[in-house]
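Below is one structure, written out as C-alpha cells, with a few remarks after it.
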Amino acid sequence: MKATRKVSIESMLAYRKFLKSDLWEEWRQIETDQRKGIPPPPAQKPYPQDAKLVALISPKNLTVGNMPLIEAIRRRRSHRKFAAGSLTLEELSFLLWATQGVSMTAPPAISESSSAPHVTVALRTVPSAGARHPFETYLLVNRVDGLEPGLYRYLPLENKLCFLRTDKELTERVHEACYEQYVRDSAITFIWTAIPYRTEWRYSILSPKSIAQDSGHLCQNLYLACETIGCGTCAIGAYDQEKMDIVLMVDGEEEFAIYAATVGKINSKVS
C-alpha cells in the first residue's frame, strides 16, 4: 500500500510539472523547428479532393447568438439532458464559428528568427498560444436540420463541413467511448483532437501546457455560444482514449482525441 501511494505521489508531482511555467529559459535555448526555418505544419488537416462538403452559413450572415454576453455568462451551466429538438444549420454554423472559426487573417506577430518562414496566420475566435491552434473539430451529428446523421469534420478555413461517414452503430460507439455519458440523447457531440506538432513546431517542451490551456478556451466559447441559442452543453474529459481515437480513425500519436462536449436543445423541464 505504501509503495503504491509513493508511486502515485511521484506520478502526480511529475504531471504537475506540465502545469508550471518553469521551462521558459530552457525553451529559449532549444533549436525548435521554427528556429531552424522549417515551414509550419498546415493549419488545417487536409481532406480528399472528392470529399462531400457541406457549406455552412457565413459568419457575416448569422442572425443567431445575439444574447448579451453578461446574460450568457450568468446562465452558463452544464446540461446533461437534452430535449428532442434538432438544431438548424445556422445554429451549428454559429457554434462552429464561435469555437474555432476564422475571424481574420494577419501576418505573424512574432518571428523567432530571420530564417523562420513568414506565413499568413488565420486568427480564430478563440485565443491560442502563438496562434498555433492545434485542434481539429469532429462532429457526431444526430439531429441537425438538413444534415445526414453521421461523423463530420469542420474545415474552418473554408467554413465547411467534410462528411466522413455514417453507420448504424456510430452514435453507440461514441456513447460507449464517452463512458455512456450524454451522447445518445444529444443533437451533436463535439469531439476535438489535438495535432501536437502544430504547437511543438514553435513551443517544443512548453506545448503540453499550452495545448491544455487552449482546449479550455474553445470549450468555454461553446458553453457561452450554446446559451445564446437556447442550447445546453456538457464538457466531457473522461473518455476511453483508444476507443475514441478508433472511432475518429486517427493514429493516436500525431493526432488524438483531447476533449468532447455534448450539445442539444434544452427547455425548462430539461437540465
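Order determines the names: the first chain of the C-alpha cells is A, the second B, and so forth; residues in each chain are numbered 1 upward, and ligands are numbered 1 upward as they are shown.
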
Quiz prompt | Spatial neighbours of Leu147 in chain A, max dist 10 Å, only C-alpha atoms, sep filter under 5 positions, as a PyMOL selection string | solution = chain A and resi 54+87-89+141-142+163

Output for the residues just chosen: N, CA and C atoms as a PDB file, in the first residue's frame:
```pdb
ATOM      1  N   VAL A  54     -20.117  20.279 -47.094  1.00  0.00           N
ATOM      2  CA  VAL A  54     -21.374  20.977 -46.803  1.00  0.00           C
ATOM      3  C   VAL A  54     -21.037  22.420 -46.459  1.00  0.00           C
ATOM      4  N   LEU A  87     -31.113  21.007 -34.094  1.00  0.00           N
ATOM      5  CA  LEU A  87     -30.507  22.309 -34.341  1.00  0.00           C
ATOM      6  C   LEU A  87     -30.649  22.639 -35.822  1.00  0.00           C
ATOM      7  N   THR A  88     -30.690  23.911 -36.132  1.00  0.00           N
ATOM      8  CA  THR A  88     -30.669  24.329 -37.522  1.00  0.00           C
ATOM      9  C   THR A  88     -29.224  24.380 -38.007  1.00  0.00           C
ATOM     10  N   LEU A  89     -29.047  24.404 -39.312  1.00  0.00           N
ATOM     11  CA  LEU A  89     -27.702  24.517 -39.862  1.00  0.00           C
ATOM     12  C   LEU A  89     -27.072  25.851 -39.467  1.00  0.00           C
ATOM     13  N   VAL A 141     -23.117  14.008 -35.585  1.00  0.00           N
ATOM     14  CA  VAL A 141     -24.400  14.674 -35.806  1.00  0.00           C
ATOM     15  C   VAL A 141     -25.519  13.650 -35.674  1.00  0.00           C
ATOM     16  N   ASN A 142     -26.404  13.882 -34.723  1.00  0.00           N
ATOM     17  CA  ASN A 142     -27.612  13.077 -34.569  1.00  0.00           C
ATOM     18  C   ASN A 142     -28.842  13.799 -35.119  1.00  0.00           C
ATOM     19  N   PHE A 163     -17.971  15.647 -44.774  1.00  0.00           N
ATOM     20  CA  PHE A 163     -18.664  14.430 -44.343  1.00  0.00           C
ATOM     21  C   PHE A 163     -17.685  13.267 -44.371  1.00  0.00           C
TER      22      PHE A 163
END
```

Practice problem: Enumerate, as number ranges by chain, the complete set of residues in range 90-149 of chain A that a backbone-based DSSP assignment places in strand (DSSP E). | Solution: A: 102-106, 121-124, 135-141

Go ahead and save the residues from that selection, with C-alpha atoms, as a PDB file, in the first residue's frame.
```pdb
ATOM      1  CA  VAL A 102     -11.675  32.321 -38.538  1.00  0.00           C
ATOM      2  CA  SER A 103     -12.183  35.965 -37.570  1.00  0.00           C
ATOM      3  CA  MET A 104      -9.470  37.496 -39.775  1.00  0.00           C
ATOM      4  CA  THR A 105      -6.100  36.809 -41.370  1.00  0.00           C
ATOM      5  CA  ALA A 106      -2.884  38.599 -40.456  1.00  0.00           C
ATOM      6  CA  VAL A 121      -1.969  33.418 -39.862  1.00  0.00           C
ATOM      7  CA  ALA A 122      -5.697  32.688 -39.719  1.00  0.00           C
ATOM      8  CA  LEU A 123      -6.805  34.309 -36.468  1.00  0.00           C
ATOM      9  CA  ARG A 124      -9.605  32.435 -34.743  1.00  0.00           C
ATOM     10  CA  PHE A 135      -7.149  21.321 -32.778  1.00  0.00           C
ATOM     11  CA  GLU A 136      -9.408  19.639 -35.311  1.00  0.00           C
ATOM     12  CA  THR A 137     -13.163  19.615 -34.683  1.00  0.00           C
ATOM     13  CA  TYR A 138     -15.113  16.424 -35.336  1.00  0.00           C
ATOM     14  CA  LEU A 139     -18.879  16.270 -35.026  1.00  0.00           C
ATOM     15  CA  LEU A 140     -21.157  13.355 -34.319  1.00  0.00           C
ATOM     16  CA  VAL A 141     -24.400  14.674 -35.806  1.00  0.00           C
TER      17      VAL A 141
END
```

Self-check item: DSSP-assigned helix (DSSP H, G or I) members of range 29-110 of chain A, reported as a list in words
Solution: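 Filtering range 29-110 of chain A down to helix (DSSP H, G or I) leaves Pro59, Lys60, Asn61, Leu69, Ile70, Glu71, Ala72, Ile73, Arg74, Arg75, Leu89, Glu90, Glu91, Leu92, Ser93, Phe94, Leu95, Leu96, Trp97, Ala98, Thr99 and Gln100 of chain A.
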
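Residues surrounding Lys160 in chain A within 6 Å are Val54, Ala55, Leu56 and Leu155 of chain A [only C-alpha atoms; sequence separation below 4 positions excluded].
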
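Proximity ranking of A:Ile205, A:Ile70, A:Ala187, A:Ala235 relative to Glu25 in chain A places A:Ile205 first, based on only C-alpha atoms.
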
Exercise. Fewer than 3 positions away in the same chain doesn't count, so skip those; otherwise give me all residues within 9 Å of range 74-76 of chain A, counting only C-alpha atoms, as a list of chain:residue names.
Key: A:Leu69, A:Ile70, A:Glu71, A:Tyr223, A:Leu224, A:Cys226, A:Glu227, A:Gly232

Exercise. Would you mind reading off the distance between CA of Tyr239 in chain A and CA of Ile73 in chain A, one decimal, in Å?
Key: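 Calculated distance between CA of Tyr239 in chain A and CA of Ile73 in chain A is 26.9 Å.
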
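In terms of minimum interatomic distance to Pro41 in chain A, A:Arg132 ranks closest within A:Arg153, A:Arg184, A:Arg132, A:Lys243, counting only C-alpha atoms.
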